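Coordinates from query.txt are shown below (compact mmCIF, C-alpha atoms and all ligand atoms).
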```txt
# COMPACT_ATOMS: atom_id res chain seq x y z
CA MET A 19 -62.41 53.46 128.87
CA GLY A 20 -58.77 53.52 129.96
CA PHE A 21 -56.88 50.34 130.83
CA MET A 22 -56.53 51.42 134.48
CA ALA A 23 -60.22 52.23 135.03
CA GLY A 24 -61.26 51.33 138.57
CA LYS A 25 -57.67 51.10 139.84
CA LYS A 26 -56.78 52.99 143.00
CA ALA A 27 -53.14 54.11 143.01
CA LEU A 28 -50.93 55.65 145.69
CA ILE A 29 -47.98 57.56 144.24
CA VAL A 30 -44.96 58.35 146.42
CA GLY A 31 -42.30 60.64 144.98
CA VAL A 32 -43.79 63.74 143.32
CA ALA A 33 -41.64 66.82 143.96
CA SER A 34 -42.31 68.82 140.78
CA ASP A 35 -44.00 68.60 137.39
CA ARG A 36 -40.69 67.18 136.08
CA SER A 37 -40.64 64.29 138.58
CA ILE A 38 -40.79 60.81 137.08
CA ALA A 39 -43.70 60.24 139.49
CA SER A 40 -45.57 63.11 137.78
CA GLY A 41 -45.14 61.41 134.38
CA ILE A 42 -46.53 58.25 135.97
CA ALA A 43 -49.48 60.14 137.50
CA GLU A 44 -50.25 61.71 134.11
CA ALA A 45 -50.41 58.30 132.38
CA PHE A 46 -52.41 56.75 135.23
CA ALA A 47 -54.99 59.57 135.14
CA ARG A 48 -55.29 59.31 131.35
CA GLU A 49 -55.96 55.57 131.66
CA GLY A 50 -58.72 56.11 134.21
CA ALA A 51 -57.01 55.42 137.57
CA GLU A 52 -57.91 57.22 140.79
CA ILE A 53 -54.78 58.63 142.42
CA ALA A 54 -53.72 59.50 145.97
CA PHE A 55 -50.35 61.16 146.56
CA THR A 56 -47.90 61.60 149.38
CA TYR A 57 -45.54 64.58 149.73
CA GLN A 58 -42.22 64.60 151.55
CA ASN A 59 -42.75 67.82 153.49
CA GLU A 60 -44.93 70.94 153.73
CA LYS A 61 -42.66 72.76 151.25
CA LEU A 62 -43.69 70.33 148.52
CA LYS A 63 -47.39 70.02 149.44
CA SER A 64 -48.70 72.81 147.18
CA ARG A 65 -46.92 71.37 144.11
CA VAL A 66 -48.45 67.95 144.68
CA GLU A 67 -51.82 69.57 145.30
CA LYS A 68 -51.63 71.42 141.95
CA LEU A 69 -50.76 68.22 140.09
CA SER A 70 -53.63 66.36 141.76
CA ALA A 71 -56.07 69.14 140.79
CA ARG A 72 -54.75 69.38 137.22
CA LEU A 73 -55.28 65.63 136.78
CA GLY A 74 -58.86 65.92 138.06
CA GLN A 75 -58.12 63.90 141.20
CA ASN A 76 -59.61 64.22 144.70
CA THR A 77 -57.27 66.74 146.36
CA ASP A 78 -58.27 65.41 149.79
CA LEU A 79 -56.15 62.35 149.05
CA LEU A 80 -52.77 63.98 149.83
CA PHE A 81 -50.76 62.74 152.78
CA PRO A 82 -47.48 63.85 154.29
CA CYS A 83 -44.86 61.10 154.26
CA ASP A 84 -41.18 61.35 154.99
CA VAL A 85 -40.18 57.74 154.35
CA THR A 86 -37.63 57.80 157.17
CA SER A 87 -40.57 57.88 159.62
CA ASP A 88 -42.50 54.67 160.41
CA ASP A 89 -45.19 56.79 162.07
CA GLU A 90 -45.75 58.87 158.93
CA ILE A 91 -45.83 55.73 156.76
CA ASP A 92 -48.42 54.12 159.07
CA ALA A 93 -50.48 57.34 159.13
CA VAL A 94 -50.71 57.38 155.30
CA PHE A 95 -52.53 54.04 155.24
CA ALA A 96 -54.64 54.82 158.31
CA GLU A 97 -55.86 58.01 156.59
CA LEU A 98 -56.21 56.43 153.14
CA GLY A 99 -58.31 53.66 154.72
CA LYS A 100 -60.92 56.28 155.60
CA HIS A 101 -61.43 56.99 151.87
CA TRP A 102 -60.58 53.74 150.06
CA ASP A 103 -61.37 50.11 150.86
CA GLY A 104 -58.14 48.99 149.21
CA VAL A 105 -55.11 49.98 147.16
CA ASP A 106 -54.40 48.45 143.73
CA VAL A 107 -51.14 50.19 142.88
CA LEU A 108 -48.20 51.54 144.89
CA ILE A 109 -45.54 53.64 143.16
CA HIS A 110 -42.16 54.10 144.85
CA SER A 111 -40.28 56.92 143.10
CA VAL A 112 -37.96 58.02 145.89
CA GLY A 113 -34.19 58.30 146.01
CA PHE A 114 -31.78 60.33 148.08
CA ALA A 115 -28.17 60.46 149.20
CA PRO A 116 -26.52 63.44 150.89
CA ARG A 117 -25.21 65.61 148.05
CA GLU A 118 -21.52 65.20 148.96
CA GLN A 119 -21.88 61.43 148.42
CA LEU A 120 -22.53 62.02 144.71
CA ALA A 121 -19.27 63.73 143.79
CA GLY A 122 -15.68 62.59 143.59
CA GLY A 123 -14.21 59.14 143.89
CA PHE A 124 -16.18 56.30 145.48
CA THR A 125 -13.68 55.46 148.23
CA GLU A 126 -13.07 59.09 149.02
CA SER A 127 -16.74 60.12 149.24
CA ILE A 128 -18.41 57.19 150.99
CA THR A 129 -19.14 57.46 154.73
CA ARG A 130 -21.03 55.24 157.18
CA GLU A 131 -23.64 57.97 157.57
CA GLY A 132 -23.98 58.53 153.80
CA TYR A 133 -24.40 54.79 153.34
CA ALA A 134 -27.05 54.56 156.06
CA ILE A 135 -29.09 57.54 154.85
CA SER A 136 -29.02 56.56 151.17
CA HIS A 137 -30.02 52.96 151.88
CA ASP A 138 -32.72 53.96 154.37
CA ILE A 139 -34.42 56.45 152.03
CA SER A 140 -33.75 54.82 148.65
CA ALA A 141 -34.07 51.08 149.43
CA TYR A 142 -35.50 50.22 152.85
CA SER A 143 -38.40 52.60 152.21
CA LEU A 144 -39.73 50.25 149.51
CA ALA A 145 -39.95 47.37 151.99
CA ALA A 146 -41.42 49.68 154.64
CA LEU A 147 -44.12 51.01 152.30
CA ALA A 148 -44.94 47.52 150.97
CA LYS A 149 -45.25 46.21 154.52
CA ALA A 150 -47.57 49.03 155.57
CA ALA A 151 -49.62 48.80 152.35
CA LEU A 152 -50.07 45.02 152.52
CA PRO A 153 -53.37 44.93 154.45
CA MET A 154 -54.95 47.22 151.82
CA MET A 155 -53.34 45.53 148.80
CA GLU A 156 -53.66 41.78 149.35
CA GLY A 157 -56.09 39.67 147.36
CA ARG A 158 -56.96 42.19 144.63
CA ASP A 159 -54.60 41.83 141.60
CA ALA A 160 -52.43 44.64 142.91
CA ALA A 161 -49.06 45.94 141.72
CA ILE A 162 -46.05 47.67 143.22
CA LEU A 163 -43.53 49.51 141.04
CA ALA A 164 -40.16 51.02 141.97
CA LEU A 165 -37.78 53.23 139.97
CA THR A 166 -34.19 52.12 139.63
CA TYR A 167 -31.10 53.07 137.63
CA ASP A 168 -28.58 50.93 135.73
CA ALA A 169 -25.76 52.00 138.10
CA ALA A 170 -27.18 49.29 140.41
CA THR A 171 -25.18 46.76 138.37
CA LYS A 172 -22.62 48.88 136.44
CA VAL A 173 -20.29 51.64 137.53
CA VAL A 174 -21.40 55.19 136.69
CA PRO A 175 -19.00 57.95 137.77
CA ASN A 176 -20.18 59.98 140.79
CA TYR A 177 -23.31 57.86 141.42
CA ASN A 178 -21.22 56.21 144.14
CA VAL A 179 -23.19 55.01 147.19
CA MET A 180 -26.49 55.46 145.31
CA GLY A 181 -25.37 52.54 143.12
CA LEU A 182 -25.21 50.34 146.20
CA ALA A 183 -28.60 51.61 147.37
CA LYS A 184 -30.14 50.84 143.94
CA ALA A 185 -28.62 47.34 144.05
CA SER A 186 -30.39 46.86 147.39
CA LEU A 187 -33.63 48.27 145.98
CA GLU A 188 -33.47 45.91 142.99
CA SER A 189 -32.98 42.91 145.26
CA CYS A 190 -35.84 44.14 147.44
CA VAL A 191 -38.12 44.12 144.37
CA ARG A 192 -37.30 40.43 143.80
CA PHE A 193 -37.75 39.41 147.45
CA LEU A 194 -41.06 41.31 147.62
CA ALA A 195 -42.22 39.74 144.35
CA ALA A 196 -41.55 36.23 145.69
CA ASP A 197 -43.16 36.96 149.04
CA LEU A 198 -46.23 38.88 147.84
CA GLY A 199 -47.00 36.93 144.66
CA PRO A 200 -49.10 34.37 146.57
CA LYS A 201 -51.09 37.28 148.01
CA GLY A 202 -51.98 38.56 144.54
CA ILE A 203 -49.42 41.38 144.42
CA ARG A 204 -46.96 41.80 141.55
CA VAL A 205 -43.75 43.76 142.16
CA ASN A 206 -41.67 45.21 139.32
CA GLN A 207 -39.23 47.99 138.57
CA ILE A 208 -38.45 50.37 135.76
CA SER A 209 -34.80 51.13 135.16
CA ALA A 210 -35.00 54.62 133.68
CA GLY A 211 -32.44 56.43 131.56
CA ALA A 212 -31.11 59.78 132.77
CA VAL A 213 -33.88 62.41 132.87
CA LYS A 214 -33.45 66.01 133.99
CA THR A 215 -35.57 66.05 137.17
CA LEU A 216 -34.93 67.93 140.44
CA ALA A 217 -32.91 64.94 141.69
CA ALA A 218 -30.74 65.12 138.59
CA ALA A 219 -30.50 68.88 138.01
CA GLY A 220 -28.07 69.48 140.85
CA ILE A 221 -25.65 66.79 139.77
CA GLY A 222 -22.28 67.97 138.45
CA GLY A 223 -21.72 66.78 134.89
CA PHE A 224 -25.36 65.83 134.30
CA ARG A 225 -25.25 67.42 130.84
CA LYS A 226 -22.22 65.26 129.97
CA MET A 227 -24.19 62.23 131.09
CA GLN A 228 -27.15 63.12 128.87
CA ASN A 229 -24.79 63.75 125.93
CA TYR A 230 -23.32 60.28 126.50
CA ALA A 231 -26.80 58.79 126.57
CA VAL A 232 -27.68 60.45 123.26
CA LYS A 233 -24.49 59.06 121.71
CA ALA A 234 -24.82 55.56 123.21
CA ALA A 235 -28.56 55.02 122.87
CA PRO A 236 -29.75 52.94 119.92
CA LEU A 237 -32.56 55.51 119.69
CA ARG A 238 -29.96 58.37 119.77
CA ARG A 239 -31.93 60.37 122.36
CA THR A 240 -32.88 60.52 126.02
CA VAL A 241 -36.25 59.37 127.36
CA THR A 242 -39.14 61.47 128.70
CA ILE A 243 -41.17 61.14 131.88
CA GLU A 244 -44.16 60.52 129.59
CA GLU A 245 -42.45 57.42 128.18
CA ILE A 246 -41.61 56.18 131.68
CA GLY A 247 -45.20 56.90 132.74
CA ASN A 248 -46.63 54.84 129.88
CA ALA A 249 -44.45 51.84 130.73
CA ALA A 250 -45.42 52.23 134.40
CA ALA A 251 -49.13 52.27 133.52
CA PHE A 252 -48.73 49.04 131.54
CA LEU A 253 -46.74 47.28 134.30
CA CYS A 254 -49.29 48.29 136.98
CA SER A 255 -52.33 47.34 134.90
CA ASP A 256 -53.90 43.93 134.34
CA LEU A 257 -52.27 43.94 130.87
CA ALA A 258 -49.09 42.90 132.73
CA SER A 259 -50.81 40.24 134.88
CA GLY A 260 -48.12 37.65 134.09
CA ILE A 261 -45.14 39.88 134.91
CA THR A 262 -43.54 40.05 138.37
CA GLY A 263 -40.06 40.50 139.81
CA GLU A 264 -39.03 42.01 136.49
CA THR A 265 -36.89 44.99 135.50
CA THR A 266 -38.08 46.93 132.45
CA PHE A 267 -35.55 49.32 130.96
CA VAL A 268 -36.97 52.59 129.66
CA ASP A 269 -33.67 54.11 128.55
CA ALA A 270 -33.73 54.31 124.74
CA GLY A 271 -31.59 51.16 124.80
CA VAL A 272 -28.45 52.54 126.50
CA ASN A 273 -28.09 49.51 128.81
CA ILE A 274 -27.60 46.99 125.98
CA MET A 275 -24.39 48.62 124.74
CA GLY A 276 -21.07 47.12 125.79
CA MET A 277 -18.96 49.61 123.85
CA VAL A 278 -19.72 52.86 122.09
CA PHE A 279 -17.77 54.67 119.33
CA ASP A 280 -18.21 58.26 118.26
CA ASP A 281 -20.35 58.28 115.10
CA ASP A 282 -17.86 60.57 113.35
CA GLU A 283 -14.65 58.78 114.43
P1 LIG B 301 -37.37 63.85 141.94
O1 LIG B 301 -36.44 64.71 142.71
O2 LIG B 301 -38.41 64.53 141.17
O3 LIG B 301 -38.01 62.75 142.87
C1 LIG B 301 -37.35 62.21 143.99
C2 LIG B 301 -38.39 62.14 145.08
O4 LIG B 301 -37.83 61.56 146.26
C3 LIG B 301 -38.92 63.52 145.47
O5 LIG B 301 -40.31 63.55 145.31
C4 LIG B 301 -38.56 63.65 146.93
O6 LIG B 301 -39.53 64.34 147.68
C5 LIG B 301 -38.50 62.18 147.32
N1 LIG B 301 -37.79 61.96 148.59
C6 LIG B 301 -36.47 62.15 148.88
N2 LIG B 301 -36.24 61.92 150.18
C7 LIG B 301 -37.44 61.57 150.73
C8 LIG B 301 -37.88 61.22 152.03
N3 LIG B 301 -37.03 61.18 153.08
N4 LIG B 301 -39.18 60.92 152.24
C9 LIG B 301 -40.05 60.94 151.20
N5 LIG B 301 -39.71 61.28 149.95
C10 LIG B 301 -38.42 61.59 149.71
O7 LIG B 301 -36.42 62.97 140.98
P2 LIG B 301 -36.78 61.74 140.02
O8 LIG B 301 -35.64 61.72 139.05
O9 LIG B 301 -38.16 61.82 139.55
O10 LIG B 301 -36.57 60.48 140.98
C11 LIG B 301 -37.57 59.49 141.17
C12 LIG B 301 -36.96 58.11 141.18
O11 LIG B 301 -36.45 57.81 139.90
C13 LIG B 301 -35.80 57.92 142.15
O12 LIG B 301 -35.86 56.64 142.73
C14 LIG B 301 -34.59 58.02 141.24
O13 LIG B 301 -33.49 57.36 141.78
C15 LIG B 301 -35.14 57.29 140.02
N6 LIG B 301 -34.42 57.50 138.78
C16 LIG B 301 -34.18 58.75 138.31
C17 LIG B 301 -33.49 58.91 137.10
C18 LIG B 301 -33.16 60.29 136.57
O14 LIG B 301 -32.26 60.40 135.74
N7 LIG B 301 -33.86 61.33 136.96
C19 LIG B 301 -33.06 57.78 136.38
C20 LIG B 301 -33.35 56.51 136.89
C21 LIG B 301 -34.03 56.37 138.09
O1 LIG B 302 -31.24 58.37 141.06
C1 LIG B 302 -30.91 59.41 140.56
C2 LIG B 302 -30.83 60.66 141.41
C3 LIG B 302 -30.37 60.32 142.79
C4 LIG B 302 -30.10 61.46 143.74
C5 LIG B 302 -29.90 62.78 143.36
C6 LIG B 302 -29.62 63.73 144.33
C7 LIG B 302 -29.36 65.18 144.01
C8 LIG B 302 -29.55 66.10 145.17
C9 LIG B 302 -29.97 61.12 145.05
N1 LIG B 302 -29.69 62.03 146.01
C10 LIG B 302 -29.51 63.32 145.67
N2 LIG B 302 -29.20 64.20 146.67
C11 LIG B 302 -29.12 65.53 146.48
O2 LIG B 302 -28.78 66.30 147.40
N3 LIG B 302 -30.59 59.44 139.23
C12 LIG B 302 -30.55 58.19 138.49
C13 LIG B 302 -30.18 60.66 138.50
C14 LIG B 302 -28.69 60.72 138.55
O3 LIG B 302 -28.05 61.14 139.66
C15 LIG B 302 -26.69 61.00 139.44
C16 LIG B 302 -26.48 60.47 138.16
C17 LIG B 302 -27.77 60.28 137.60
C18 LIG B 302 -28.07 59.71 136.25
C19 LIG B 302 -25.62 61.29 140.28
C20 LIG B 302 -24.32 61.08 139.82
C21 LIG B 302 -24.11 60.54 138.58
C22 LIG B 302 -25.18 60.23 137.73
```
Could you render the structure as structure tokens?
Ligand code: NAD
Ligand code: 0WE
Amino acid sequence: MGFMAGKKALIVGVASDRSIASGIAEAFAREGAEIAFTYQNEKLKSRVEKLSARLGQNTDLLFPCDVTSDDEIDAVFAELGKHWDGVDVLIHSVGFAPREQLAGGFTESITREGYAISHDISAYSLAALAKAALPMMEGRDAAILALTYDAATKVVPNYNVMGLAKASLESCVRFLAADLGPKGIRVNQISAGAVKTLAAAGIGGFRKMQNYAVKAAPLRRTVTIEEIGNAAAFLCSDLASGITGETTFVDAGVNIMGMVFDDDE
């Protein structure tokens, strides 16, 4: 029997088979969890549906949810409540800034609108989802997990306003952990290394970034969505019952390095 047997998990953030959320779903299914999914829009529905079917899940448990809409967020839990009496796990694997925010210098690229959109979708949405999920999650050894990136606390070229949004997300994880701990809900985050997902594929210089990661990482490689999924399964299971408010790096060790030399220099 898997270590997530009997757990009911809602996963927000699947856009393709390469999504980090898909790696998480894969590990959850393997460990015996039941999974419901949301999808951002109709264009993405069939992909999420295929993943749900492939993992042997109930394909009725798919709900539209653009996280900028309070109505859609509320509808997810109203609908889910017709199938489940509670939710044990909530995965937040959502991030977005308008593309032009992620290129060029920080001062040059940032706009009030870019700031508002990136923070709304990438950070506020965690608080909004936690708030809406609370009635179904309280009092049952539940767990919330968000996905962050090390540019929340260090400068990464071109990540720009998304770095500020991730800093807000990381703080949100701690405030939620303190607030929801007494209600039996743990809140953690995984800080993932660079992975080639849809959200990363369109980024200029992404290959350079992965090459850097290979050079800088103590493990001399990038990480996979399977590795992130396994860490997520642990953090959302009762094996991690003493862990909350914590950031777990799944990045092959890149974040520990303060300086990196070329091996052949
Ligand atoms: P992805 O493109 O597969 O996933 C991003 C998801 O965000 C998509 O499913 C998309 O539908 C969703 N999304 C965007 N705007 C939305 C909205 N308004 N409403 C609802 N959903 C919306 O890319 P990914 O790399 O799997 O990203 C998942 C998470 O992991 C993000 O938080 C990202 O910042 C984080 N992350 C990614 C990397 C990386 O290198 N890929 C590294 C560290 C952290
Ligand atoms: O969080 C992310 C991806 C964030 C992201 C990506 C996109 C691309 C398409 C947010 N919004 C958008 N908007 C789009 O229109 N990562 C950690 C991956 C990533 O993105 C970067 C990186 C890394 C790493 C952007 C610039 C520099 C490095």
May I ask you to write as a short mmCIF file (atom, residue, chain, number, x, y, z; two decimals) with C-alpha atoms, in the frame of the given file all residues lying at most 7 Å from ligand LIG 301 (chain B), with all atoms listed in the file counted?
```cif
data_model
loop_
_atom_site.label_atom_id
_atom_site.label_comp_id
_atom_site.auth_asym_id
_atom_site.auth_seq_id
_atom_site.Cartn_x
_atom_site.Cartn_y
_atom_site.Cartn_z
CA VAL A 30 -44.96 58.35 146.42
CA GLY A 31 -42.30 60.64 144.98
CA VAL A 32 -43.79 63.74 143.32
CA ALA A 33 -41.64 66.82 143.96
CA SER A 34 -42.31 68.82 140.78
CA ARG A 36 -40.69 67.18 136.08
CA SER A 37 -40.64 64.29 138.58
CA ILE A 38 -40.79 60.81 137.08
CA ALA A 39 -43.70 60.24 139.49
CA TYR A 57 -45.54 64.58 149.73
CA GLN A 58 -42.22 64.60 151.55
CA CYS A 83 -44.86 61.10 154.26
CA ASP A 84 -41.18 61.35 154.99
CA VAL A 85 -40.18 57.74 154.35
CA THR A 86 -37.63 57.80 157.17
CA SER A 111 -40.28 56.92 143.10
CA VAL A 112 -37.96 58.02 145.89
CA GLY A 113 -34.19 58.30 146.01
CA PHE A 114 -31.78 60.33 148.08
CA ILE A 139 -34.42 56.45 152.03
CA SER A 140 -33.75 54.82 148.65
CA LEU A 165 -37.78 53.23 139.97
CA THR A 166 -34.19 52.12 139.63
CA TYR A 167 -31.10 53.07 137.63
CA SER A 209 -34.80 51.13 135.16
CA ALA A 210 -35.00 54.62 133.68
CA GLY A 211 -32.44 56.43 131.56
CA ALA A 212 -31.11 59.78 132.77
CA VAL A 213 -33.88 62.41 132.87
CA LYS A 214 -33.45 66.01 133.99
CA THR A 215 -35.57 66.05 137.17
CA LEU A 216 -34.93 67.93 140.44
CA ALA A 217 -32.91 64.94 141.69
CA ALA A 218 -30.74 65.12 138.59
#
```
Practice task
Do a neighbour search on Leu144 of chain A at 12 Å with only C-alpha atoms, toss out local chain neighbours closer than 5 positions, and write the hits as a PyMOL selection string.
Solution key: chain A and resi 30-31+85-86+91+108-113+137-139+149-152+162-166+183-184+186-195+205-207
Practice task
Determine, counting all atoms listed in the file, which protein, DNA and RNA residues have an atom within 9 Å of an atom of Lys68 of chain A; residues of the same chain fewer than 5 positions away are not included. Present the result as number ranges by chain.
Solution key: A: 63, 73, 77
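Counting all atoms listed in the file and comparing A:Ala170, A:Ala196, A:Ala234, A:Ala96, the residue that lies closest to ligand LIG 302 (chain B) is A:Ala170.
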Practice task
Skip Asp280 of chain A itself and residues of its chain fewer than 2 positions away, then list as a PyMOL selection string all residues within 12 Å of it, counting all atoms listed in the file.
Solution key: chain A and resi 229-235+238+277-278+282-283
Problem - Shell around Asp269 of chain A at 7 Å using all atoms listed in the file, local window under 2 positions removed, as a ChimeraX atom specification - result: /A:210-211,240-241,267,271-272
I need the chosen residues saved as a compact mmCIF listing (two decimals), in the coordinates of the input, with C-alpha atoms.
```
# COMPACT_ATOMS: atom_id res chain seq x y z
CA ALA A 210 -35.00 54.62 133.68
CA GLY A 211 -32.44 56.43 131.56
CA THR A 240 -32.88 60.52 126.02
CA VAL A 241 -36.25 59.37 127.36
CA PHE A 267 -35.55 49.32 130.96
CA GLY A 271 -31.59 51.16 124.80
CA VAL A 272 -28.45 52.54 126.50
```
Handout entry: Nearest residue to His101 of chain A from the set A:Ile29, A:Ile53, A:Ala169, A:Ala146 (distances using all atoms listed in the file)
Key = A:Ile53
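Nearest to ligand LIG 302 (chain B) of all the residues A:Ala23, A:Ala134, A:Met180, A:Met155 is A:Met180, counting only C-alpha atoms and all ligand atoms.
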Exercise for the section: Enter the distance from atom CA of Gly222 of chain A to atom CA of Ala121 of chain A, in Å, rounded to one decimal. Expected result: 7.5 Å
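Among the candidates A:Asp35, A:Ala27, A:Arg117, A:Asp197, the one nearest to Thr56 of chain A when counting only C-alpha atoms is A:Ala27.
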Problem - Neighbour list for Ile203 of chain A as number ranges by chain, cut-off 7 Å, all atoms listed in the file, skip fewer than 4 positions in-chain - result: A: 156, 159-161, 198-199
Handout entry: Separation of atom C2 of ligand LIG 302 (chain B) from atom CA of Pro116 of chain A in Å
Key = 10.8 Å
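Of note, atom CA of Pro236 of chain A and atom CA of Ile208 of chain A are spaced 18.3 Å apart.
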Fill in the blank from the handout: Of A:Gly104, A:Gly202, A:Gly223, A:Gly99, the one nearest to ligand LIG 302 (chain B) when counting all atoms listed in the file is A:Gly223
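The closest residue to ligand LIG 302 (chain B), picked from A:Gly220, A:Gly247, A:Gly260, A:Gly276 and counting only C-alpha atoms and all ligand atoms, is A:Gly220.
Residues having any atom no farther than 10 Å from (-50.7, 61.6, 135.7) (counting only C-alpha atoms) are Ile29, Asp35, Ala39, Ser40, Gly41, Ile42, Ala43, Glu44, Ala45, Phe46, Ala47, Arg48, Glu49, Gly50, Ala51, Glu52, Ile53, Leu69, Ser70, Arg72, Leu73, Gly74, Gln75, Glu244, Gly247, Asn248 and Ala251 of chain A.
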Since the input has fewer atoms than a full residue there, write segment 35-42 of chain A out with all heavy atoms, as a PDB file, in the frame of the given file.
```pdb
ATOM      1  N   ASP A  35     -43.372  69.086 138.615  1.00  0.00           N
ATOM      2  CA  ASP A  35     -44.000  68.600 137.390  1.00  0.00           C
ATOM      3  C   ASP A  35     -43.021  67.766 136.551  1.00  0.00           C
ATOM      4  O   ASP A  35     -43.432  67.032 135.671  1.00  0.00           O
ATOM      5  CB  ASP A  35     -44.495  69.770 136.536  1.00  0.00           C
ATOM      6  CG  ASP A  35     -45.819  70.307 137.060  1.00  0.00           C
ATOM      7  OD1 ASP A  35     -46.444  69.626 137.903  1.00  0.00           O
ATOM      8  OD2 ASP A  35     -46.213  71.415 136.643  1.00  0.00           O
ATOM      9  N   ARG A  36     -41.704  67.934 136.829  1.00  0.00           N
ATOM     10  CA  ARG A  36     -40.690  67.180 136.080  1.00  0.00           C
ATOM     11  C   ARG A  36     -40.381  65.830 136.713  1.00  0.00           C
ATOM     12  O   ARG A  36     -39.604  65.051 136.166  1.00  0.00           O
ATOM     13  CB  ARG A  36     -39.396  67.995 135.924  1.00  0.00           C
ATOM     14  CG  ARG A  36     -39.539  69.329 135.191  1.00  0.00           C
ATOM     15  CD  ARG A  36     -40.367  69.262 133.928  1.00  0.00           C
ATOM     16  NE  ARG A  36     -39.892  68.260 132.970  1.00  0.00           N
ATOM     17  CZ  ARG A  36     -40.637  67.684 132.027  1.00  0.00           C
ATOM     18  NH1 ARG A  36     -41.916  68.002 131.910  1.00  0.00           N
ATOM     19  NH2 ARG A  36     -40.127  66.794 131.209  1.00  0.00           N
ATOM     20  N   SER A  37     -40.910  65.568 137.918  1.00  0.00           N
ATOM     21  CA  SER A  37     -40.640  64.290 138.580  1.00  0.00           C
ATOM     22  C   SER A  37     -41.096  63.123 137.717  1.00  0.00           C
ATOM     23  O   SER A  37     -42.144  63.200 137.064  1.00  0.00           O
ATOM     24  CB  SER A  37     -41.395  64.203 139.911  1.00  0.00           C
ATOM     25  OG  SER A  37     -40.875  65.100 140.861  1.00  0.00           O
ATOM     26  N   ILE A  38     -40.347  62.027 137.767  1.00  0.00           N
ATOM     27  CA  ILE A  38     -40.790  60.810 137.080  1.00  0.00           C
ATOM     28  C   ILE A  38     -42.172  60.409 137.603  1.00  0.00           C
ATOM     29  O   ILE A  38     -43.043  60.001 136.827  1.00  0.00           O
ATOM     30  CB  ILE A  38     -39.749  59.689 137.280  1.00  0.00           C
ATOM     31  CG1 ILE A  38     -38.488  60.025 136.476  1.00  0.00           C
ATOM     32  CG2 ILE A  38     -40.325  58.334 136.860  1.00  0.00           C
ATOM     33  CD1 ILE A  38     -37.314  59.078 136.687  1.00  0.00           C
ATOM     34  N   ALA A  39     -42.390  60.580 138.906  1.00  0.00           N
ATOM     35  CA  ALA A  39     -43.700  60.240 139.490  1.00  0.00           C
ATOM     36  C   ALA A  39     -44.830  61.064 138.877  1.00  0.00           C
ATOM     37  O   ALA A  39     -45.970  60.598 138.803  1.00  0.00           O
ATOM     38  CB  ALA A  39     -43.660  60.440 141.009  1.00  0.00           C
ATOM     39  N   SER A  40     -44.539  62.280 138.423  1.00  0.00           N
ATOM     40  CA  SER A  40     -45.570  63.110 137.780  1.00  0.00           C
ATOM     41  C   SER A  40     -45.908  62.547 136.395  1.00  0.00           C
ATOM     42  O   SER A  40     -47.080  62.551 135.988  1.00  0.00           O
ATOM     43  CB  SER A  40     -45.099  64.559 137.655  1.00  0.00           C
ATOM     44  OG  SER A  40     -44.817  65.083 138.929  1.00  0.00           O
ATOM     45  N   GLY A  41     -44.891  62.060 135.680  1.00  0.00           N
ATOM     46  CA  GLY A  41     -45.140  61.410 134.380  1.00  0.00           C
ATOM     47  C   GLY A  41     -45.985  60.164 134.564  1.00  0.00           C
ATOM     48  O   GLY A  41     -46.846  59.849 133.736  1.00  0.00           O
ATOM     49  N   ILE A  42     -45.748  59.457 135.666  1.00  0.00           N
ATOM     50  CA  ILE A  42     -46.530  58.250 135.970  1.00  0.00           C
ATOM     51  C   ILE A  42     -47.970  58.638 136.301  1.00  0.00           C
ATOM     52  O   ILE A  42     -48.925  58.032 135.798  1.00  0.00           O
ATOM     53  CB  ILE A  42     -45.864  57.452 137.105  1.00  0.00           C
ATOM     54  CG1 ILE A  42     -44.497  56.911 136.643  1.00  0.00           C
ATOM     55  CG2 ILE A  42     -46.785  56.324 137.588  1.00  0.00           C
ATOM     56  CD1 ILE A  42     -43.683  56.226 137.736  1.00  0.00           C
TER      57      ILE A  42
END
```
